[in-house]
$ cat query36.txt   # compact mmCIF, C-alpha atoms and all ligand atoms
# COMPACT_ATOMS: atom_id res chain seq x y z
CA MET A 1 118.46 81.22 87.20
CA THR A 2 117.37 78.52 89.66
CA THR A 3 120.67 78.92 91.51
CA PHE A 4 120.11 82.66 91.72
CA LEU A 5 116.59 82.17 93.13
CA ILE A 6 117.83 79.67 95.71
CA LEU A 7 120.57 82.09 96.77
CA ALA A 8 118.07 84.95 97.01
CA VAL A 9 115.74 82.82 99.16
CA LEU A 10 118.65 81.80 101.43
CA VAL A 11 119.71 85.43 101.89
CA LEU A 12 116.12 86.47 102.70
CA VAL A 13 115.74 83.60 105.20
CA ALA A 14 119.03 84.63 106.87
CA ILE A 15 117.84 88.25 107.14
CA ALA A 16 114.51 87.08 108.60
CA ILE A 17 116.26 84.95 111.24
CA TRP A 18 118.56 87.82 112.12
CA GLN A 19 115.61 90.23 112.54
CA MET A 20 113.69 87.69 114.65
CA THR A 21 116.73 87.22 116.90
CA LYS A 22 116.86 90.98 117.42
CA ILE A 23 113.16 91.08 118.35
CA PHE A 24 113.73 88.18 120.72
CA GLU A 25 116.67 89.98 122.34
CA LEU A 26 114.65 93.16 122.78
CA SER A 27 111.85 91.22 124.48
CA GLN A 28 114.34 89.84 127.03
CA ILE A 29 115.50 93.15 128.50
CA LYS A 30 115.17 91.81 132.03
CA ALA A 31 117.64 88.98 131.46
CA VAL A 32 121.35 89.46 132.03
CA ASN A 33 122.43 91.36 128.96
CA SER A 34 126.14 91.14 129.34
CA GLN A 35 128.53 91.08 126.38
CA ILE A 36 131.01 89.09 128.46
CA ALA A 37 131.00 85.34 127.89
CA ASN A 38 130.09 83.28 130.96
CA ASP A 39 131.06 79.69 131.80
CA THR A 40 128.13 78.24 129.85
CA ASP A 41 129.06 80.20 126.71
CA ASN A 42 132.67 79.06 126.97
CA LYS A 43 131.66 75.44 127.50
CA TYR A 44 129.43 75.52 124.39
CA ASN A 45 132.24 77.03 122.38
CA GLY A 46 134.57 74.31 123.65
CA TYR A 47 132.15 71.59 122.52
CA LEU A 48 131.66 73.35 119.19
CA LEU A 49 135.42 73.15 118.65
CA PHE A 50 135.19 69.37 119.01
CA LEU A 51 132.27 69.27 116.60
CA PHE A 52 134.29 71.27 114.08
CA LEU A 53 137.19 68.85 114.48
CA ILE A 54 134.89 65.91 113.72
CA PHE A 55 133.56 67.86 110.74
CA ILE A 56 136.98 68.46 109.15
CA TYR A 57 138.05 64.85 109.70
CA GLY A 58 134.70 63.66 108.34
CA ILE A 59 134.87 65.81 105.21
CA THR A 60 138.45 64.63 104.56
CA ILE A 61 137.47 60.95 104.76
CA PHE A 62 134.35 61.61 102.69
CA SER A 63 136.36 63.41 99.96
CA PHE A 64 138.83 60.54 99.72
CA TRP A 65 136.03 58.00 99.51
CA LYS A 66 133.92 59.97 97.03
CA TYR A 67 136.51 61.71 94.85
CA GLY A 68 139.64 59.55 95.28
CA LYS A 69 138.83 57.71 92.05
CA MET A 70 139.11 60.97 90.10
CA LEU A 71 142.86 61.11 90.67
CA LEU A 72 145.18 60.39 87.75
CA PRO A 73 145.95 56.75 86.93
CA GLU A 74 149.42 55.20 87.14
CA ALA A 75 152.07 57.37 85.45
CA ALA A 76 152.73 56.46 81.80
CA SER A 77 156.28 57.82 81.62
CA ALA A 78 159.65 56.64 82.88
CA HIS A 79 160.12 59.54 85.31
CA GLY A 80 156.46 59.48 86.43
CA ALA A 81 156.91 57.01 89.29
CA GLU A 82 159.62 59.18 90.85
CA TYR A 83 157.35 62.22 90.62
CA ASP A 84 154.40 60.33 92.10
CA ASN A 85 156.52 59.07 95.01
CA LEU A 86 157.58 62.60 95.86
CA MET A 87 153.95 63.72 95.78
CA LEU A 88 152.80 60.76 97.88
CA VAL A 89 155.43 61.20 100.58
CA SER A 90 154.73 64.97 100.78
CA MET A 91 150.99 64.33 101.09
CA VAL A 92 151.42 61.60 103.74
CA ILE A 93 153.60 63.91 105.86
CA ILE A 94 151.16 66.81 105.45
CA PHE A 95 148.22 64.57 106.39
CA PHE A 96 149.98 63.10 109.41
CA VAL A 97 151.02 66.51 110.75
CA GLN A 98 147.67 68.12 110.00
CA THR A 99 145.68 65.33 111.69
CA ILE A 100 147.73 65.59 114.90
CA THR A 101 148.02 69.39 115.05
CA GLN A 102 144.31 69.93 114.40
CA ALA A 103 143.41 67.48 117.18
CA LEU A 104 145.79 69.21 119.61
CA LEU A 105 144.62 72.67 118.60
CA HIS A 106 140.96 71.88 119.16
CA TYR A 107 141.56 69.82 122.31
CA PHE A 108 143.53 72.60 123.98
CA GLY A 109 140.95 75.12 122.83
CA TYR A 110 138.42 73.11 124.81
CA LYS A 111 140.63 72.24 127.79
CA TYR A 112 141.72 75.83 128.46
CA ARG A 113 138.37 77.46 127.76
CA GLY A 114 137.51 80.50 129.88
CA GLU A 115 136.22 79.74 133.38
CA GLN A 116 135.32 82.02 136.25
CA GLY A 117 138.28 82.47 138.55
CA LYS A 118 140.73 80.72 136.23
CA LYS A 119 143.76 82.75 135.27
CA ALA A 120 146.09 82.20 132.36
CA LEU A 121 149.56 81.10 133.38
CA PHE A 122 152.32 83.50 132.39
CA TYR A 123 154.82 81.36 130.56
CA ALA A 124 157.51 83.33 128.80
CA ASP A 125 159.39 80.70 126.79
CA ASN A 126 160.90 77.25 126.80
CA ASP A 127 164.13 76.83 124.87
CA LYS A 128 163.85 73.06 124.67
CA LEU A 129 160.32 73.14 123.22
CA GLU A 130 161.21 75.85 120.74
CA PHE A 131 164.26 73.91 119.66
CA ILE A 132 162.18 70.77 119.07
CA TRP A 133 159.42 72.46 117.06
CA THR A 134 161.98 74.32 114.97
CA ILE A 135 164.45 71.53 114.28
CA ILE A 136 161.90 68.85 113.28
CA PRO A 137 160.27 70.96 110.50
CA VAL A 138 163.74 72.12 109.38
CA ILE A 139 164.94 68.54 108.93
CA VAL A 140 161.71 67.33 107.27
CA LEU A 141 161.40 70.34 104.94
CA ALA A 142 165.10 70.32 104.02
CA GLY A 143 164.77 66.61 103.17
CA LEU A 144 161.69 67.20 101.01
CA ILE A 145 163.20 70.23 99.27
CA LEU A 146 166.50 68.44 98.53
CA TRP A 147 164.69 65.38 97.24
CA GLY A 148 162.41 67.65 95.16
CA LEU A 149 165.40 69.53 93.71
CA TYR A 150 167.16 66.29 92.91
CA THR A 151 164.03 64.90 91.19
CA TRP A 152 163.48 68.17 89.30
CA THR A 153 167.09 68.26 88.10
CA SER A 154 167.00 64.67 86.89
CA ILE A 155 163.63 65.17 85.11
CA MET A 156 164.77 68.45 83.52
CA ASP A 157 168.12 67.10 82.34
CA ILE A 158 167.32 67.40 78.64
CA ASN A 159 170.08 65.97 76.49
CA ASP A 160 170.59 64.07 73.26
CA GLU A 161 171.56 60.76 74.86
CA ASP A 162 169.58 57.59 74.06
CA ASP A 163 168.68 58.75 70.55
CA PRO A 164 165.62 60.86 71.38
CA ILE A 165 162.91 61.79 68.87
CA VAL A 166 162.63 65.56 68.50
CA VAL A 167 159.08 66.94 68.39
CA GLU A 168 157.92 70.52 68.41
CA LEU A 169 154.66 71.38 70.18
CA TYR A 170 153.26 74.56 68.74
CA ALA A 171 150.60 76.42 70.73
CA GLN A 172 148.19 79.00 69.44
CA GLN A 173 144.75 80.20 70.45
CA PHE A 174 143.19 77.60 70.61
CA ASN A 175 144.83 74.51 69.26
CA TRP A 176 148.02 72.49 69.19
CA THR A 177 150.15 71.44 66.25
CA ALA A 178 153.02 68.98 66.43
CA ARG A 179 156.08 68.96 64.17
CA TYR A 180 158.36 65.94 63.95
CA ALA A 181 161.97 66.58 63.03
CA GLY A 182 161.81 63.93 60.28
CA ALA A 183 164.53 61.63 58.98
CA ASP A 184 167.42 63.93 59.97
CA ASN A 185 165.90 64.37 63.46
CA VAL A 186 166.65 68.11 63.34
CA LEU A 187 163.83 70.64 63.30
CA GLY A 188 164.04 73.25 60.58
CA ASP A 189 164.12 76.91 61.62
CA ALA A 190 160.77 78.53 62.21
CA ASN A 191 159.56 81.97 63.11
CA VAL A 192 156.13 83.55 63.44
CA ARG A 193 157.18 86.19 60.87
CA MET A 194 157.38 83.44 58.24
CA ILE A 195 153.81 82.27 58.75
CA ASP A 196 152.08 82.21 55.37
CA ILE A 197 148.44 81.30 55.73
CA ASP A 198 147.80 81.38 51.95
CA ARG A 199 150.36 78.64 51.47
CA ALA A 200 149.31 76.78 54.61
CA ASN A 201 152.65 77.42 56.31
CA ILE A 202 150.89 77.75 59.65
CA LEU A 203 153.98 77.27 61.83
CA GLY A 204 156.18 79.75 59.99
CA VAL A 205 158.70 77.07 59.01
CA ASP A 206 161.65 78.40 57.00
CA GLU A 207 161.29 76.89 53.50
CA SER A 208 164.91 77.68 52.63
CA ASP A 209 166.24 75.63 55.56
CA ASP A 210 167.29 72.13 54.46
CA TYR A 211 166.52 70.72 57.89
CA ALA A 212 162.89 71.80 57.45
CA LYS A 213 162.21 69.83 54.26
CA ASP A 214 161.60 66.47 55.95
CA ASP A 215 159.75 67.91 58.97
CA ILE A 216 156.31 66.41 59.47
CA ILE A 217 153.46 68.56 60.70
CA VAL A 218 150.50 66.79 62.28
CA LYS A 219 147.43 67.36 64.40
CA GLU A 220 147.66 64.13 66.39
CA LEU A 221 150.67 63.16 68.44
CA HIS A 222 151.98 59.60 68.02
CA LEU A 223 154.80 58.41 70.28
CA PRO A 224 156.64 55.09 70.29
CA VAL A 225 156.67 53.35 73.67
CA GLY A 226 160.03 53.16 75.44
CA ARG A 227 161.69 55.80 73.25
CA LYS A 228 162.79 59.13 74.68
CA VAL A 229 161.08 62.21 73.21
CA ASN A 230 162.56 65.71 73.43
CA PHE A 231 159.79 68.26 73.12
CA LYS A 232 160.47 71.83 72.02
CA MET A 233 157.59 74.16 72.77
CA ARG A 234 156.70 77.36 70.93
CA SER A 235 153.75 79.72 71.22
CA GLN A 236 152.37 81.97 68.53
CA ASP A 237 150.40 84.44 70.60
CA VAL A 238 150.07 84.31 74.39
CA LEU A 239 151.34 82.17 77.26
CA HIS A 240 150.14 78.57 76.95
CA SER A 241 151.26 75.52 78.84
CA ALA A 242 151.74 72.07 77.37
CA TYR A 243 150.26 69.75 79.99
CA MET A 244 150.36 65.97 79.56
CA PRO A 245 148.93 64.78 82.88
CA HIS A 246 149.25 61.03 82.26
CA PHE A 247 152.98 61.49 81.65
CA ARG A 248 153.39 63.88 84.60
CA ALA A 249 154.72 66.53 82.23
CA GLN A 250 154.09 70.24 81.93
CA MET A 251 156.00 73.11 80.38
CA ASN A 252 155.02 76.69 79.63
CA CYS A 253 154.92 77.78 75.98
CA VAL A 254 156.21 81.33 75.80
CA PRO A 255 155.97 83.57 72.71
CA GLY A 256 159.43 84.43 71.42
CA MET A 257 161.31 81.55 72.99
CA ILE A 258 161.65 77.79 72.84
CA THR A 259 161.07 75.84 76.04
CA GLN A 260 161.79 72.14 76.46
CA PHE A 261 160.62 69.01 78.21
CA SER A 262 161.70 65.42 77.75
CA PHE A 263 160.18 62.10 78.75
CA THR A 264 160.00 58.46 77.77
CA PRO A 265 156.47 57.03 77.40
CA SER A 266 156.30 53.67 79.20
CA ILE A 267 152.74 52.38 78.64
CA THR A 268 151.00 52.14 75.27
CA THR A 269 147.49 53.53 74.83
CA ALA A 270 146.19 49.98 74.29
CA ASP A 271 147.78 48.73 77.54
CA MET A 272 146.50 51.73 79.48
CA ARG A 273 142.97 51.09 78.25
CA ASN A 274 143.20 47.61 79.79
CA LYS A 275 144.16 48.81 83.27
CA PRO A 276 141.34 48.10 85.78
CA GLU A 277 141.23 51.75 86.99
CA ILE A 278 140.84 52.99 83.40
CA ILE A 279 138.19 50.37 82.57
CA ASP A 280 136.30 51.50 85.67
CA LYS A 281 136.67 55.21 84.80
CA VAL A 282 135.46 54.64 81.22
CA LYS A 283 132.51 52.64 82.52
CA ARG A 284 131.51 55.36 85.01
CA THR A 285 131.86 58.12 82.40
CA ASN A 286 129.87 56.20 79.81
CA THR A 287 127.05 55.54 82.28
CA ILE A 288 126.71 59.30 82.72
CA ARG A 289 126.97 59.83 78.95
CA ALA A 290 124.31 57.20 78.27
CA GLU A 291 121.95 58.99 80.68
CA LYS A 292 122.64 62.29 78.91
CA ALA A 293 122.18 60.75 75.48
CA ALA A 294 118.84 59.30 76.63
CA ALA A 295 117.84 62.81 77.75
CA GLY A 296 118.73 64.15 74.30
CA VAL A 297 121.89 66.06 75.31
CA GLU A 298 124.26 66.59 72.37
CA ASN A 299 127.84 65.26 72.26
CA SER A 300 127.08 62.37 74.61
CA ASP A 301 128.63 59.58 72.54
CA PRO A 302 130.47 56.85 74.44
CA TRP A 303 134.01 57.86 75.41
CA GLU A 304 137.16 55.89 74.86
CA PHE A 305 140.28 56.57 76.92
CA ASP A 306 143.12 58.42 75.21
CA TYR A 307 146.19 60.22 76.45
CA ILE A 308 145.85 63.91 75.97
CA LEU A 309 147.81 67.13 75.65
CA LEU A 310 146.02 70.03 77.30
CA CYS A 311 146.68 73.72 77.69
CA ASN A 312 147.18 74.57 81.35
CA LYS A 313 147.26 78.37 81.15
CA ILE A 314 144.03 80.29 80.91
CA CYS A 315 144.80 81.69 77.48
CA GLY A 316 141.40 82.91 76.31
CA LYS A 317 137.78 82.01 75.82
CA SER A 318 138.29 78.57 74.26
CA HIS A 319 141.20 77.61 76.50
CA TYR A 320 139.16 74.75 77.99
CA ASN A 321 139.00 73.04 74.63
CA MET A 322 142.63 73.45 73.60
CA GLN A 323 143.76 69.84 73.42
CA MET A 324 145.41 67.24 71.24
CA LYS A 325 145.14 63.46 71.27
CA ILE A 326 148.30 61.50 72.08
CA ILE A 327 148.70 57.91 70.96
CA VAL A 328 151.48 55.78 72.44
CA GLU A 329 152.13 52.67 70.35
CA GLU A 330 154.77 50.10 69.51
CA GLU A 331 157.70 51.52 67.54
CA GLU A 332 156.79 49.66 64.32
CA ASP A 333 153.21 51.02 64.38
CA TYR A 334 154.65 54.47 65.02
CA ASN A 335 157.06 54.16 62.09
CA LYS A 336 154.24 52.98 59.85
CA TRP A 337 152.07 55.93 60.85
CA LEU A 338 154.93 58.39 60.40
CA ALA A 339 155.70 57.04 56.90
CA GLU A 340 152.12 57.80 55.86
CA GLN A 341 152.43 61.49 56.79
CA GLN A 342 153.38 64.23 54.33
CA THR A 343 156.66 66.03 54.84
CA PHE A 344 156.79 69.82 54.96
CA SER A 345 158.26 70.10 51.45
CA GLN A 346 155.59 67.72 50.04
CA SER A 347 152.79 69.77 51.58
CA MET A 348 154.35 73.02 50.32
CA ALA A 349 154.71 71.57 46.81
CA SER A 350 151.07 70.54 46.77
CA VAL A 351 149.84 74.15 47.32
CA GLN A 352 152.11 75.78 44.75
CU CU B 1 146.28 77.82 75.70
$ encode --input "query36.txt" --output "structure tokens"
Amino acid sequence: MTTFLILAVLVLVAIAIWQMTKIFELSQIKAVNSQIANDTDNKYNGYLLFLFLIFIYGITIFSFWKYGKMLLPEAASAHGAEYDNLMLVSMVIIFFVQTITQALLHYFGYKYRGEQGKKALFYADNDKLEFIWTIIPVIVLAGLILWGLYTWTSIMDINDEDDPIVVELYAQQFNWTARYAGADNVLGDANVRMIDIDRANILGVDESDDYAKDDIIVKELHLPVGRKVNFKMRSQDVLHSAYMPHFRAQMNCVPGMITQFSFTPSITTADMRNKPEIIDKVKRTNTIRAEKAAAGVENSDPWEFDYILLCNKICGKSHYNMQMKIIVEEEEDYNKWLAEQQTFSQSMASVQ
């Protein structure tokens, strides 16, 4: 409501200024009332171009200083560094080119501003210049695209080498469920048509499939550090997207098909919590939370860092809250945790 009032006041003030300018113009009938810009107008516009240049540089530096710390921390997966390098090099090139071209654009806008008696030079073309400004972007872009394709192919090369763990990520409005393939490391068949809510078969796992018996269905994802994980994504209802930002991983979950992504976690949750950037982030967040708690705002308990699986497709009204905790731990802790979980056949037997 306050925002609306402020906007309304701003609009009214703008209308008032506009009306006053019109009155002012009408009272100056004697003055030169030409619609053609004169030298003074052009000079002001030239200076304004410089001001605008300073503004865009200023806001860029300010954004880096103020919001730079909101970027993701160091990648926690084996392929993450490669991905981050590609991103960094692309951004450095974009920033370098943008800084120079913006300066040139605004400088020439000022230098060749309109002046009485000055005529534009007719300059049809220059083969050498055109060659230079075509060939440089071609080489740079081809390099980036080839490197990107190479990186993409190596990240998306999903195979069964290195003894990967097989985990299904099942998306539905608005939560995630994970299914481990169990001792045989093969996921049992599943289909939405076999969902049986009364018997708590929420993923539609085929009870007659032997591979399904040892599958383990959980609501919290545990991963052993240094071990490759092959994820198989399914969706029950609409398009979702399994997004694990700390691992630089994302894959759409499409109803009716199984999509895949594979990565090797490289930093445990405990180690990540001890990184200076994470300690700083947790401290900053908890300062804000403490202020909110003092003001009586609900859900303002102190926060502890955890890896997270998010949905990255706007899939409905509670999309924002569709998430699952991910814990990366040493393999023995992972095995211990996994041994404590019920298998699919155990959980089915307990409801019969
Ligand atoms: Cu979703």
$ residues_around --input "query36.txt" --residues "Ile93 in chain A" --least-positions-apart "6" --cutoff "12 Å" --atoms "only C-alpha atoms" --output "PyMOL selection string"
chain A and resi 86-87+99-100+137+140-141+143-144
$ residues_around --input "query36.txt" --residues "range 74-78 of chain A" --least-positions-apart "2" --cutoff "6 Å" --atoms "all atoms listed in the file" --output "VMD selection string"
chain A and resid 80 246 to 247 264 to 267
$ residues_near_ligand --input "query36.txt" --ligand "ligand CU 1 (chain B)" --cutoff "8 Å" --atoms "all atoms listed in the file" --output "short mmCIF file (atom, residue, chain, number, x, y, z; two decimals) with C-alpha atoms, in the coordinates of the input"
data_model
loop_
_atom_site.label_atom_id
_atom_site.label_comp_id
_atom_site.auth_asym_id
_atom_site.auth_seq_id
_atom_site.Cartn_x
_atom_site.Cartn_y
_atom_site.Cartn_z
CA ALA A 171 150.60 76.42 70.73
CA GLN A 172 148.19 79.00 69.44
CA GLN A 173 144.75 80.20 70.45
CA PHE A 174 143.19 77.60 70.61
CA ASN A 175 144.83 74.51 69.26
CA VAL A 238 150.07 84.31 74.39
CA LEU A 239 151.34 82.17 77.26
CA HIS A 240 150.14 78.57 76.95
CA SER A 241 151.26 75.52 78.84
CA LEU A 310 146.02 70.03 77.30
CA CYS A 311 146.68 73.72 77.69
CA ASN A 312 147.18 74.57 81.35
CA LYS A 313 147.26 78.37 81.15
CA ILE A 314 144.03 80.29 80.91
CA CYS A 315 144.80 81.69 77.48
CA GLY A 316 141.40 82.91 76.31
CA HIS A 319 141.20 77.61 76.50
CA MET A 322 142.63 73.45 73.60
#
$ closest_atom_pairs --input "query36.txt" --of "range 132-248 of chain A" --to "range 123-128 of chain A" --cutoff "10 Å" --atoms "only C-alpha atoms" --output "JSON lines"
{"residue": "A:Ile132", "atom": "CA", "partner": "A:Lys128", "partner_atom": "CA", "distance": 6.3}
{"residue": "A:Trp133", "atom": "CA", "partner": "A:Lys128", "partner_atom": "CA", "distance": 8.8}
{"residue": "A:Thr134", "atom": "CA", "partner": "A:Lys128", "partner_atom": "CA", "distance": 10.0}
$ atom_distance --input "query36.txt" --atom1 "CA of Asp214 in chain A" --atom2 "CA of Ser347 in chain A"
10.4 Å
$ closest_residue --input "query36.txt" --among "A:Ile165, A:Met233, A:Ala270, A:Val297" --to "Asn252 in chain A" --atoms "all atoms listed in the file"
A:Met233
$ atom_distance --input "query36.txt" --atom1 "CA of Arg234 in chain A" --atom2 "CA of Tyr170 in chain A"
4.9 Å
$ atom_distance --input "query36.txt" --atom1 "CA of Leu146 in chain A" --atom2 "CA of Val229 in chain A"
26.6 Å
$ closest_atom_pairs --input "query36.txt" --of "range 26-125 of chain A" --to "range 279-285 of chain A" --cutoff "10 Å" --atoms "all atoms listed in the file" --output "JSON lines"
{"residue": "A:Lys69", "atom": "CA", "partner": "A:Lys281", "partner_atom": "CA", "distance": 8.0}
{"residue": "A:Met70", "atom": "CA", "partner": "A:Lys281", "partner_atom": "CA", "distance": 8.2}
{"residue": "A:Pro73", "atom": "CA", "partner": "A:Lys281", "partner_atom": "CA", "distance": 9.6}
$ write_last_selection --input "query36.txt" --atoms "C-alpha atoms" --output "PDB file, keeping the file's coordinate frame"
ATOM      1  CA  LYS A  69     138.830  57.710  92.050  1.00  0.00           C
ATOM      2  CA  MET A  70     139.110  60.970  90.100  1.00  0.00           C
ATOM      3  CA  PRO A  73     145.950  56.750  86.930  1.00  0.00           C
TER       4      PRO A  73
END
$ closest_residue --input "query36.txt" --among "A:Phe344, A:Tyr307, A:Tyr67, A:Tyr83" --to "Thr153 in chain A" --atoms "all atoms listed in the file"
A:Tyr83
$ residues_around --input "query36.txt" --residues "Ile326 in chain A" --least-positions-apart "4" --cutoff "9 Å" --atoms "all atoms listed in the file" --output "PyMOL selection string"
chain A and resi 220-223+244+269+306-309
$ closest_residue --input "query36.txt" --among "A:Ser63, A:Ser345, A:Tyr243, A:Arg273" --to "Asp209 in chain A" --atoms "all atoms listed in the file"
A:Ser345
